[in-house]
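Text of start_21.csv, listed as CSV, C-alpha atoms:
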```
chain,number,residue,atom,x,y,z
A,1,MET,CA,90.1,121.9,108.9
A,2,LYS,CA,89.6,125.4,107.4
A,3,LEU,CA,86.3,126.6,105.9
A,4,HIS,CA,85.8,129.5,103.6
A,5,TRP,CA,82.8,131.0,105.3
A,6,SER,CA,80.5,133.9,105.5
A,7,PRO,CA,77.7,134.6,108.0
A,8,ARG,CA,74.8,135.0,105.6
A,9,SER,CA,75.4,132.4,102.8
A,10,PRO,CA,72.7,129.8,103.0
A,11,PHE,CA,75.0,127.2,101.5
A,12,VAL,CA,77.6,127.9,104.2
A,13,ARG,CA,74.8,127.6,106.7
A,14,LYS,CA,74.1,124.0,105.6
A,15,VAL,CA,77.7,123.1,106.4
A,16,MET,CA,77.6,124.9,109.8
A,17,ILE,CA,74.4,123.2,110.8
A,18,ALA,CA,75.9,119.8,109.9
A,19,ALA,CA,79.1,120.8,111.8
A,20,HIS,CA,76.9,121.3,114.9
A,21,GLU,CA,74.8,118.2,114.4
A,22,THR,CA,77.9,116.0,113.9
A,23,GLY,CA,79.9,117.5,116.7
A,24,MET,CA,82.6,118.7,114.3
A,25,VAL,CA,82.2,122.4,114.8
A,26,GLY,CA,85.2,122.7,117.2
A,27,ARG,CA,87.5,121.3,114.5
A,28,ILE,CA,86.6,123.9,111.9
A,29,GLU,CA,88.6,127.1,111.6
A,30,ARG,CA,86.5,129.7,109.7
A,31,ILE,CA,88.1,132.0,107.1
A,32,ARG,CA,85.9,135.0,106.3
A,33,SER,CA,85.6,134.9,102.4
A,34,VAL,CA,83.5,137.0,100.1
A,35,ALA,CA,82.0,135.3,97.1
A,36,ALA,CA,80.2,137.8,94.8
A,37,MET,CA,79.1,136.6,91.4
A,38,LEU,CA,80.5,139.7,89.6
A,39,GLU,CA,83.8,139.8,91.5
A,40,PRO,CA,85.9,136.7,91.5
A,41,ASN,CA,87.9,136.4,94.8
A,42,ALA,CA,91.5,135.6,93.9
A,43,ALA,CA,92.4,134.2,97.3
A,44,LEU,CA,89.4,131.9,97.3
A,45,MET,CA,90.0,130.8,93.7
A,46,ARG,CA,93.3,129.2,94.8
A,47,ASP,CA,91.2,126.6,96.6
A,48,ASN,CA,88.1,126.8,94.5
A,49,PRO,CA,88.4,128.2,90.9
A,50,TRP,CA,84.6,128.7,90.9
A,51,SER,CA,85.1,131.3,93.6
A,52,LYS,CA,82.3,129.9,95.8
A,53,ILE,CA,81.7,129.3,99.4
A,54,PRO,CA,81.6,127.1,101.3
A,55,THR,CA,85.0,125.5,100.4
A,56,LEU,CA,86.6,123.2,103.0
A,57,ILE,CA,90.3,122.5,103.3
A,58,THR,CA,90.8,119.2,105.0
A,59,ASP,CA,93.6,118.5,107.4
A,60,GLU,CA,95.2,116.6,104.5
A,61,GLY,CA,95.1,119.7,102.4
A,62,LEU,CA,92.3,118.6,100.0
A,63,ALA,CA,89.9,121.4,99.0
A,64,LEU,CA,86.4,120.1,99.0
A,65,PHE,CA,83.3,121.7,97.6
A,66,ASP,CA,80.3,122.1,97.2
A,67,SER,CA,78.2,122.2,100.4
A,68,ASP,CA,76.8,118.7,99.8
A,69,VAL,CA,80.2,117.1,99.5
A,70,ILE,CA,81.5,119.0,102.6
A,71,VAL,CA,78.5,117.9,104.6
A,72,GLU,CA,78.9,114.3,103.5
A,73,TYR,CA,82.6,114.5,104.5
A,74,LEU,CA,81.8,115.9,108.0
A,75,ASP,CA,79.2,113.1,108.3
A,76,SER,CA,81.9,110.5,107.7
A,77,LEU,CA,84.1,111.8,110.6
A,78,HIS,CA,81.8,111.0,113.5
A,79,ALA,CA,80.2,107.9,115.1
A,80,GLY,CA,76.8,109.4,116.0
A,81,PRO,CA,73.5,109.2,114.1
A,82,LYS,CA,74.2,109.9,110.4
A,83,LEU,CA,72.7,112.7,108.4
A,84,HIS,CA,72.8,110.5,105.3
A,85,PRO,CA,70.5,107.5,105.9
A,86,THR,CA,71.6,104.2,104.5
A,87,GLU,CA,68.3,102.4,104.2
A,88,PRO,CA,67.0,102.9,100.7
A,89,GLU,CA,63.5,103.9,101.9
A,90,HIS,CA,65.0,106.9,103.7
A,91,ARG,CA,68.1,107.6,101.7
A,92,TRP,CA,66.6,108.5,98.3
A,93,ARG,CA,64.0,110.8,99.9
A,94,ALA,CA,66.7,112.5,102.0
A,95,LEU,CA,68.8,113.1,98.9
A,96,ARG,CA,65.8,114.2,96.9
A,97,TRP,CA,65.0,116.8,99.6
A,98,ARG,CA,68.6,117.8,99.7
A,99,ALA,CA,68.5,118.5,96.0
A,100,PHE,CA,65.1,120.2,96.4
A,101,GLY,CA,66.6,122.6,98.9
A,102,SER,CA,69.6,123.3,96.6
A,103,GLU,CA,67.4,123.9,93.6
A,104,MET,CA,65.3,126.3,95.6
A,105,LEU,CA,68.3,128.2,96.7
A,106,ASP,CA,69.8,128.3,93.2
A,107,ALA,CA,66.5,129.7,91.9
A,108,LEU,CA,66.3,132.3,94.7
A,109,ILE,CA,69.8,133.5,94.3
A,110,LEU,CA,69.5,133.9,90.5
A,111,TRP,CA,66.2,135.6,91.1
A,112,ARG,CA,67.8,138.0,93.5
A,113,ASN,CA,70.7,138.7,91.2
A,114,GLU,CA,68.2,139.4,88.4
A,115,ARG,CA,66.1,141.8,90.3
A,116,GLU,CA,69.2,143.6,91.6
A,117,ARG,CA,70.4,144.4,88.1
A,118,PRO,CA,69.9,147.9,86.7
A,119,ALA,CA,66.2,147.9,85.6
A,120,ASP,CA,67.0,148.1,81.9
A,121,ARG,CA,69.2,145.0,82.1
A,122,ARG,CA,66.7,142.7,83.6
A,123,LEU,CA,64.7,140.0,81.8
A,124,PRO,CA,61.1,140.2,83.0
A,125,ALA,CA,60.4,136.7,81.7
A,126,LEU,CA,63.2,135.3,83.9
A,127,ILE,CA,61.8,136.9,87.0
A,128,GLU,CA,58.4,135.5,86.2
A,129,ALA,CA,59.8,132.1,85.7
A,130,PHE,CA,61.5,132.1,89.1
A,131,ASP,CA,58.3,133.4,90.7
A,132,LEU,CA,56.4,130.5,89.2
A,133,LYS,CA,59.0,127.8,90.2
A,134,VAL,CA,59.4,129.0,93.8
A,135,ASP,CA,55.6,129.0,94.2
A,136,ALA,CA,55.3,125.5,92.7
A,137,GLY,CA,58.2,124.3,94.8
A,138,LEU,CA,56.7,125.6,98.1
A,139,ARG,CA,53.3,124.1,97.3
A,140,MET,CA,54.9,120.7,96.6
A,141,LEU,CA,56.8,120.9,99.9
A,142,GLU,CA,53.6,121.7,101.8
A,143,ALA,CA,52.1,118.4,100.5
A,144,GLU,CA,55.2,116.5,101.5
A,145,VAL,CA,55.3,117.8,105.1
A,146,PRO,CA,53.8,114.7,106.7
A,147,GLU,CA,56.4,112.6,104.9
A,148,PHE,CA,59.4,114.6,105.9
A,149,THR,CA,58.2,115.2,109.4
A,150,ALA,CA,58.1,111.4,109.8
A,151,ALA,CA,61.5,110.8,108.3
A,152,PRO,CA,64.7,110.6,110.4
A,153,PHE,CA,66.5,114.0,110.5
A,154,SER,CA,68.9,114.2,107.5
A,155,VAL,CA,70.7,116.4,105.0
A,156,GLY,CA,67.3,116.7,103.4
A,157,HIS,CA,65.9,118.6,106.3
A,158,ILE,CA,69.0,120.8,106.6
A,159,ALA,CA,68.7,121.8,103.0
A,160,LEU,CA,65.0,122.5,103.1
A,161,GLY,CA,65.4,124.5,106.4
A,162,CYS,CA,68.2,126.6,104.9
A,163,ALA,CA,66.2,127.4,101.8
A,164,LEU,CA,63.2,128.5,103.8
A,165,GLY,CA,65.5,130.5,106.1
A,166,TYR,CA,66.9,132.3,103.0
A,167,ILE,CA,63.4,133.2,101.9
A,168,ASP,CA,62.9,134.8,105.3
A,169,LEU,CA,66.2,136.7,105.0
A,170,ARG,CA,65.9,137.9,101.4
A,171,PHE,CA,62.4,137.4,100.2
A,172,GLU,CA,60.3,138.4,103.1
A,173,SER,CA,57.6,139.8,100.7
A,174,LEU,CA,56.8,136.2,99.6
A,175,ALA,CA,54.7,135.9,102.8
A,176,TRP,CA,54.3,132.2,102.2
A,177,ARG,CA,53.3,131.1,105.8
A,178,ASP,CA,49.6,132.0,105.6
A,179,GLN,CA,49.0,129.7,102.6
A,180,LEU,CA,51.3,126.9,103.7
A,181,PRO,CA,50.5,126.2,107.3
A,182,ALA,CA,52.0,122.7,107.6
A,183,LEU,CA,55.3,123.9,106.2
A,184,ALA,CA,55.3,126.9,108.5
A,185,ALA,CA,54.8,124.6,111.5
A,186,TRP,CA,57.6,122.4,110.3
A,187,GLN,CA,59.9,125.3,109.9
A,188,ALA,CA,59.1,126.6,113.4
A,189,GLU,CA,60.1,123.2,114.8
A,190,PHE,CA,63.3,123.2,112.7
A,191,LYS,CA,64.2,126.6,114.0
A,192,ARG,CA,64.2,125.3,117.6
A,193,ARG,CA,67.2,122.9,117.0
A,194,PRO,CA,70.4,124.1,118.8
A,195,SER,CA,72.3,123.7,115.4
A,196,THR,CA,69.9,126.1,113.6
A,197,ILE,CA,69.8,128.7,116.5
A,198,ALA,CA,73.6,128.8,116.5
A,199,THR,CA,73.7,129.5,112.8
A,200,GLU,CA,70.9,131.9,112.2
A,201,ALA,CA,71.7,134.6,109.7
A,202,VAL,CA,71.0,138.2,110.6
A,203,ASP,CA,70.3,140.8,107.9
A,204,ASP,CA,72.5,143.7,108.9
A,205,ARG,CA,72.5,145.5,105.5
B,1,MET,CA,62.0,103.9,85.4
B,2,LYS,CA,61.2,107.0,83.3
B,3,LEU,CA,63.7,109.8,82.7
B,4,HIS,CA,62.9,113.3,81.6
B,5,TRP,CA,65.6,113.6,78.9
B,6,SER,CA,67.0,115.6,76.1
B,7,PRO,CA,69.8,114.8,73.7
B,8,ARG,CA,72.1,117.8,74.3
B,9,SER,CA,71.8,118.5,78.1
B,10,PRO,CA,75.2,117.8,79.6
B,11,PHE,CA,73.5,117.0,83.0
B,12,VAL,CA,71.3,114.4,81.3
B,13,ARG,CA,74.4,113.0,79.6
B,14,LYS,CA,76.0,112.3,83.0
B,15,VAL,CA,73.0,110.1,83.8
B,16,MET,CA,73.0,108.3,80.5
B,17,ILE,CA,76.8,107.6,80.7
B,18,ALA,CA,76.2,106.2,84.2
B,19,ALA,CA,73.2,104.2,82.9
B,20,HIS,CA,75.5,102.6,80.4
B,21,GLU,CA,78.4,102.0,82.8
B,22,THR,CA,76.0,100.4,85.4
B,23,GLY,CA,74.1,98.3,82.9
B,24,MET,CA,70.9,100.1,83.7
B,25,VAL,CA,70.2,101.7,80.4
B,26,GLY,CA,67.7,99.1,79.2
B,27,ARG,CA,65.5,99.8,82.3
B,28,ILE,CA,65.2,103.5,81.5
B,29,GLU,CA,62.3,104.8,79.4
B,30,ARG,CA,63.2,108.3,78.0
B,31,ILE,CA,60.7,111.1,77.9
B,32,ARG,CA,61.8,113.9,75.7
B,33,SER,CA,61.4,117.0,77.8
B,34,VAL,CA,62.4,120.6,77.1
B,35,ALA,CA,63.9,122.6,80.0
B,36,ALA,CA,64.5,126.3,79.0
B,37,MET,CA,65.3,128.8,81.7
B,38,LEU,CA,62.8,131.4,80.5
B,39,GLU,CA,60.0,128.9,79.8
B,40,PRO,CA,58.9,126.7,82.7
B,41,ASN,CA,57.6,123.4,81.4
B,42,ALA,CA,54.3,122.6,83.1
B,43,ALA,CA,54.4,118.8,82.4
B,44,LEU,CA,58.0,118.5,83.7
B,45,MET,CA,57.1,120.7,86.8
B,46,ARG,CA,54.6,118.1,88.0
B,47,ASP,CA,57.6,115.9,88.7
B,48,ASN,CA,60.2,118.6,89.4
B,49,PRO,CA,59.0,122.1,90.2
B,50,TRP,CA,62.4,123.5,89.2
B,51,SER,CA,61.6,122.5,85.6
B,52,LYS,CA,65.0,120.9,85.1
B,53,ILE,CA,66.3,117.8,83.4
B,54,PRO,CA,67.3,115.1,84.2
B,55,THR,CA,64.5,114.1,86.5
B,56,LEU,CA,64.0,110.3,87.1
B,57,ILE,CA,60.7,108.7,88.1
B,58,THR,CA,61.6,105.4,89.9
B,59,ASP,CA,59.5,102.3,89.5
B,60,GLU,CA,58.1,103.2,93.0
B,61,GLY,CA,57.0,106.6,91.6
B,62,LEU,CA,59.6,108.7,93.5
B,63,ALA,CA,60.7,111.7,91.4
B,64,LEU,CA,64.5,112.0,91.8
B,65,PHE,CA,66.8,114.9,90.9
B,66,ASP,CA,69.4,116.3,90.4
B,67,SER,CA,71.8,114.4,88.1
B,68,ASP,CA,74.1,113.5,91.0
B,69,VAL,CA,71.2,111.9,93.0
B,70,ILE,CA,70.0,110.0,90.0
B,71,VAL,CA,73.5,108.7,89.2
B,72,GLU,CA,73.9,107.6,92.8
B,73,TYR,CA,70.6,105.9,92.7
B,74,LEU,CA,71.5,104.0,89.5
B,75,ASP,CA,74.8,103.0,91.0
B,76,SER,CA,72.9,101.4,94.0
B,77,LEU,CA,70.9,99.1,91.6
B,78,HIS,CA,73.8,97.0,90.2
B,79,ALA,CA,76.4,94.6,91.6
B,80,GLY,CA,79.3,95.6,89.3
B,81,PRO,CA,82.2,98.1,90.1
B,82,LYS,CA,80.8,101.1,91.7
B,83,LEU,CA,81.0,104.7,90.3
B,84,HIS,CA,81.1,106.0,93.9
B,85,PRO,CA,84.3,104.7,95.6
B,86,THR,CA,83.9,103.8,99.2
B,87,GLU,CA,87.6,104.1,100.3
B,88,PRO,CA,88.1,107.6,101.7
B,89,GLU,CA,91.3,108.2,99.7
B,90,HIS,CA,89.3,107.8,96.5
B,91,ARG,CA,85.8,108.8,97.6
B,92,TRP,CA,86.5,112.5,98.5
B,93,ARG,CA,88.5,113.1,95.4
B,94,ALA,CA,85.8,111.5,93.2
B,95,LEU,CA,83.1,113.7,94.9
B,96,ARG,CA,85.3,116.8,94.6
B,97,TRP,CA,85.7,116.1,90.8
B,98,ARG,CA,82.0,115.5,90.5
B,99,ALA,CA,81.3,118.9,92.1
B,100,PHE,CA,84.1,120.4,90.0
B,101,GLY,CA,82.4,119.3,86.8
B,102,SER,CA,79.0,120.5,88.0
B,103,GLU,CA,80.4,123.9,88.9
B,104,MET,CA,82.0,124.2,85.5
B,105,LEU,CA,78.8,123.3,83.8
B,106,ASP,CA,76.8,125.8,85.9
B,107,ALA,CA,79.3,128.5,85.0
B,108,LEU,CA,79.2,127.6,81.3
B,109,ILE,CA,75.4,127.5,81.2
B,110,LEU,CA,75.0,130.9,82.9
B,111,TRP,CA,77.8,132.3,80.7
B,112,ARG,CA,75.9,131.1,77.6
B,113,ASN,CA,72.6,132.5,78.9
B,114,GLU,CA,74.3,135.8,79.5
B,115,ARG,CA,75.9,136.1,76.1
B,116,GLU,CA,72.6,135.1,74.4
B,117,ARG,CA,70.7,138.0,76.0
B,118,PRO,CA,70.0,141.1,73.9
B,119,ALA,CA,73.2,143.0,73.9
B,120,ASP,CA,71.9,145.8,75.9
B,121,ARG,CA,70.7,143.5,78.7
B,122,ARG,CA,74.1,141.8,79.3
B,123,LEU,CA,76.4,142.5,82.2
B,124,PRO,CA,79.9,142.6,80.8
B,125,ALA,CA,81.4,142.1,84.3
B,126,LEU,CA,79.5,138.8,84.6
B,127,ILE,CA,80.8,137.6,81.2
B,128,GLU,CA,84.4,138.5,82.3
B,129,ALA,CA,83.9,136.7,85.6
B,130,PHE,CA,82.9,133.5,83.9
B,131,ASP,CA,85.7,133.8,81.5
B,132,LEU,CA,88.2,134.1,84.3
B,133,LYS,CA,86.7,131.2,86.3
B,134,VAL,CA,86.5,128.7,83.4
B,135,ASP,CA,90.1,129.5,82.5
B,136,ALA,CA,91.2,129.0,86.2
B,137,GLY,CA,89.2,125.8,86.4
B,138,LEU,CA,90.7,124.3,83.3
B,139,ARG,CA,94.2,125.1,84.4
B,140,MET,CA,93.6,123.6,87.8
B,141,LEU,CA,92.3,120.4,86.1
B,142,GLU,CA,95.4,120.2,83.8
B,143,ALA,CA,97.6,120.1,87.0
B,144,GLU,CA,95.4,117.3,88.4
B,145,VAL,CA,95.4,115.0,85.3
B,146,PRO,CA,98.0,112.6,86.8
B,147,GLU,CA,95.9,112.2,89.9
B,148,PHE,CA,92.6,111.6,88.1
B,149,THR,CA,94.2,109.4,85.5
B,150,ALA,CA,95.5,107.1,88.3
B,151,ALA,CA,92.1,107.1,90.2
B,152,PRO,CA,89.5,104.4,89.6
B,153,PHE,CA,86.8,105.4,87.1
B,154,SER,CA,84.1,107.3,89.0
B,155,VAL,CA,81.3,109.9,89.0
B,156,GLY,CA,84.2,112.4,89.1
B,157,HIS,CA,85.4,111.4,85.7
B,158,ILE,CA,81.9,111.3,84.2
B,159,ALA,CA,81.3,114.9,85.5
B,160,LEU,CA,84.6,116.2,84.2
B,161,GLY,CA,84.2,114.5,80.8
B,162,CYS,CA,80.7,115.9,80.4
B,163,ALA,CA,81.8,119.4,81.3
B,164,LEU,CA,84.6,119.2,78.7
B,165,GLY,CA,82.2,117.8,76.1
B,166,TYR,CA,79.9,120.7,76.7
B,167,ILE,CA,82.8,123.1,76.0
B,168,ASP,CA,83.3,121.3,72.7
B,169,LEU,CA,79.6,121.6,71.9
B,170,ARG,CA,78.9,125.2,72.9
B,171,PHE,CA,82.2,127.0,73.5
B,172,GLU,CA,84.4,125.8,70.6
B,173,SER,CA,86.1,129.2,70.5
B,174,LEU,CA,87.8,128.5,73.9
B,175,ALA,CA,90.3,126.3,72.0
B,176,TRP,CA,91.8,125.0,75.3
B,177,ARG,CA,93.5,121.9,73.9
B,178,ASP,CA,96.7,123.6,72.7
B,179,GLN,CA,97.5,125.0,76.2
B,180,LEU,CA,96.3,122.0,78.2
B,181,PRO,CA,97.8,119.0,76.5
B,182,ALA,CA,97.5,116.6,79.5
B,183,LEU,CA,93.8,117.3,79.8
B,184,ALA,CA,93.3,117.0,76.1
B,185,ALA,CA,94.9,113.6,76.1
B,186,TRP,CA,92.8,112.5,79.1
B,187,GLN,CA,89.6,113.7,77.3
B,188,ALA,CA,90.6,111.7,74.1
B,189,GLU,CA,90.8,108.6,76.3
B,190,PHE,CA,87.5,109.4,78.0
B,191,LYS,CA,85.8,109.7,74.6
B,192,ARG,CA,86.8,106.2,73.6
B,193,ARG,CA,84.6,104.6,76.3
B,194,PRO,CA,81.5,102.8,74.9
B,195,SER,CA,79.3,104.8,77.4
B,196,THR,CA,80.6,108.1,76.1
B,197,ILE,CA,80.4,107.2,72.4
B,198,ALA,CA,76.8,106.1,72.9
B,199,THR,CA,75.8,109.4,74.5
B,200,GLU,CA,77.7,111.9,72.4
B,201,ALA,CA,75.8,115.1,71.8
B,202,VAL,CA,75.5,116.5,68.3
B,203,ASP,CA,75.0,120.1,67.6
B,204,ASP,CA,72.2,120.2,65.0
B,205,ARG,CA,71.1,123.8,65.5
```
Take the structure I supplied and represent it as structure tokens, if you would.
Amino acid sequence: MKLHWSPRSPFVRKVMIAAHETGMVGRIERIRSVAAMLEPNAALMRDNPWSKIPTLITDEGLALFDSDVIVEYLDSLHAGPKLHPTEPEHRWRALRWRAFGSEMLDALILWRNERERPADRRLPALIEAFDLKVDAGLRMLEAEVPEFTAAPFSVGHIALGCALGYIDLRFESLAWRDQLPALAAWQAEFKRRPSTIATEAVDDR
Amino acid sequence: MKLHWSPRSPFVRKVMIAAHETGMVGRIERIRSVAAMLEPNAALMRDNPWSKIPTLITDEGLALFDSDVIVEYLDSLHAGPKLHPTEPEHRWRALRWRAFGSEMLDALILWRNERERPADRRLPALIEAFDLKVDAGLRMLEAEVPEFTAAPFSVGHIALGCALGYIDLRFESLAWRDQLPALAAWQAEFKRRPSTIATEAVDDR
């Protein structure tokens, strides 16, 4: 399999954590691909017209995206404990947390794009809206920590962990840990997994 | 079940088409909810801090999002033909098309947001990038029409049909049908399904 990859994309990281968790990492050849919102990447677009990473090319030549589809595909290739629970009581919570993490990442990335525009091309109301949503999202997660700590490890945890990791990488000023101690403790535990240590992003700007 | 809903959201439409296809529509109570990117909706945020629709509240009180998770949930509640194929040869193509449709919608919505900004707050390079990607995406779909016409009806078809429907609603000027006749013929067929007729959006601005 080939994976359009970059070292600091939080969506790519979801796939790489899943690749480690499922034992598939040795079967994936990484292709360093740049996906910038303002500069479509012609080579990447031949596999994914939306010019986004991660994009996986299976051994049969099928180009899969987005990160959730790729993770589900990897999870279908191994016989170990599954990242997608099948029992309803766990499954819908796991998929909800998976979406929760993706929504947080989408908001953070659009927020970052907005604040990196030339000052006179920003919409202050948009920046305020993202601020409000991320704050509300983090507080809701804090209240759910007992529930997702008790749940079997799943795509939900991977998505939440990658979203929090992206805050640490790009939004350090949010300084959320003091106010959300249960979430901070959960993240500290998440960061001790071999799969997350192996995929940690480093800000080398 | 309760669904945060609005009549012209293409992501809500995916859920409503699935609700018709799975026979679940009668079990869903719709709550008219406005989700505007610049104006977080406090009532909606109690169920979904990202202030987005669709959001489904199950009979057990679990708030599910995004549209793909809700559709998968509805598909788990009935005994008829499933919208999520289980055979690998169909499943990964269906989930790829589902993601393809979502990516197209995300691009279209961001494109629309950008062109609706005050002229001096737009980024022309961003508008050009969306133009290029949507054009590339539509051409790739045209080439895949034989494949998705032959595949069993799935979440993939729903997502593609809703993305094309949104182009008709908000991007009429793209006038893609002349250049992509196979895709146009497929869409005409899609629009004849009772589930799509029942959920057609009307532009009443």
Which of these residues is nearest to Glu172 of chain A, using only C-alpha atoms: A:Val69, A:Leu108, A:Arg30, A:Trp50?
->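 Smallest separation from Glu172 of chain A among the options: A:Leu108.
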Counting all atoms listed in the file, which residues come within 9 Å of (61.6, 123.9, 95.3), with the point read in the file's coordinates, and could you list them as a PyMOL selection string?
-> (chain A and resi 97+99-105+107+133-141+160+163) or (chain B and resi 48-50)
From B:Trp92, B:Leu3, B:Ile53, B:Met24, residue lying nearest chain A [all atoms listed in the file] |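 That would be B:Trp92, the residue with the smallest distance to chain A.
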Considering all atoms listed in the file, state which residue in the set B:Ile57, B:Ala198, B:Val71, B:Leu62 is at the smallest distance from chain A.
->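 Answer, going by the shortest atom-to-atom distance: B:Leu62.
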Find the distance between atom CA of Arg27 of chain B and atom CA of Gly161 of chain B and write it in Å to one decimal.
-> 23.8 Å
Since the input has fewer atoms than a full residue there, write segment 13-32 of chain B out with N, CA and C atoms, as a JSON list (two decimals), in the frame of the given file.
```
[["chain", "number", "residue", "atom", "x", "y", "z"],
["B", 13, "ARG", "N", 73.38, 113.92, 80.12],
["B", 13, "ARG", "CA", 74.40, 113.00, 79.60],
["B", 13, "ARG", "C", 75.14, 112.29, 80.76],
["B", 14, "LYS", "N", 75.37, 112.99, 81.87],
["B", 14, "LYS", "CA", 76.00, 112.30, 83.00],
["B", 14, "LYS", "C", 75.18, 111.09, 83.43],
["B", 15, "VAL", "N", 73.86, 111.26, 83.46],
["B", 15, "VAL", "CA", 73.00, 110.10, 83.80],
["B", 15, "VAL", "C", 73.05, 109.01, 82.81],
["B", 16, "MET", "N", 73.04, 109.38, 81.54],
["B", 16, "MET", "CA", 73.00, 108.30, 80.50],
["B", 16, "MET", "C", 74.37, 107.59, 80.46],
["B", 17, "ILE", "N", 75.48, 108.30, 80.67],
["B", 17, "ILE", "CA", 76.80, 107.60, 80.70],
["B", 17, "ILE", "C", 76.75, 106.62, 81.93],
["B", 18, "ALA", "N", 76.24, 107.10, 83.07],
["B", 18, "ALA", "CA", 76.20, 106.20, 84.20],
["B", 18, "ALA", "C", 75.24, 105.04, 83.97],
["B", 19, "ALA", "N", 74.16, 105.28, 83.23],
["B", 19, "ALA", "CA", 73.20, 104.20, 82.90],
["B", 19, "ALA", "C", 73.91, 103.12, 82.07],
["B", 20, "HIS", "N", 74.75, 103.55, 81.14],
["B", 20, "HIS", "CA", 75.50, 102.60, 80.40],
["B", 20, "HIS", "C", 76.56, 101.87, 81.23],
["B", 21, "GLU", "N", 77.28, 102.63, 82.04],
["B", 21, "GLU", "CA", 78.40, 102.00, 82.80],
["B", 21, "GLU", "C", 77.84, 101.04, 83.87],
["B", 22, "THR", "N", 76.60, 101.27, 84.35],
["B", 22, "THR", "CA", 76.00, 100.40, 85.40],
["B", 22, "THR", "C", 75.14, 99.30, 84.83],
["B", 23, "GLY", "N", 74.96, 99.30, 83.52],
["B", 23, "GLY", "CA", 74.10, 98.30, 82.90],
["B", 23, "GLY", "C", 72.61, 98.56, 83.08],
["B", 24, "MET", "N", 72.25, 99.77, 83.47],
["B", 24, "MET", "CA", 70.90, 100.10, 83.70],
["B", 24, "MET", "C", 70.12, 100.68, 82.54],
["B", 25, "VAL", "N", 70.84, 100.91, 81.44],
["B", 25, "VAL", "CA", 70.20, 101.70, 80.40],
["B", 25, "VAL", "C", 68.97, 101.07, 79.80],
["B", 26, "GLY", "N", 68.91, 99.75, 79.78],
["B", 26, "GLY", "CA", 67.70, 99.10, 79.20],
["B", 26, "GLY", "C", 66.50, 99.22, 80.12],
["B", 27, "ARG", "N", 66.67, 99.63, 81.35],
["B", 27, "ARG", "CA", 65.50, 99.80, 82.30],
["B", 27, "ARG", "C", 64.97, 101.18, 82.28],
["B", 28, "ILE", "N", 65.57, 102.07, 81.48],
["B", 28, "ILE", "CA", 65.20, 103.50, 81.50],
["B", 28, "ILE", "C", 64.37, 103.84, 80.25],
["B", 29, "GLU", "N", 63.15, 104.32, 80.47],
["B", 29, "GLU", "CA", 62.30, 104.80, 79.40],
["B", 29, "GLU", "C", 62.53, 106.34, 79.29],
["B", 30, "ARG", "N", 62.94, 106.82, 78.15],
["B", 30, "ARG", "CA", 63.20, 108.30, 78.00],
["B", 30, "ARG", "C", 61.99, 109.04, 77.62],
["B", 31, "ILE", "N", 61.77, 110.18, 78.29],
["B", 31, "ILE", "CA", 60.70, 111.10, 77.90],
["B", 31, "ILE", "C", 61.36, 112.38, 77.45],
["B", 32, "ARG", "N", 61.15, 112.72, 76.19],
["B", 32, "ARG", "CA", 61.80, 113.90, 75.70],
["B", 32, "ARG", "C", 61.14, 115.15, 76.32]]
```
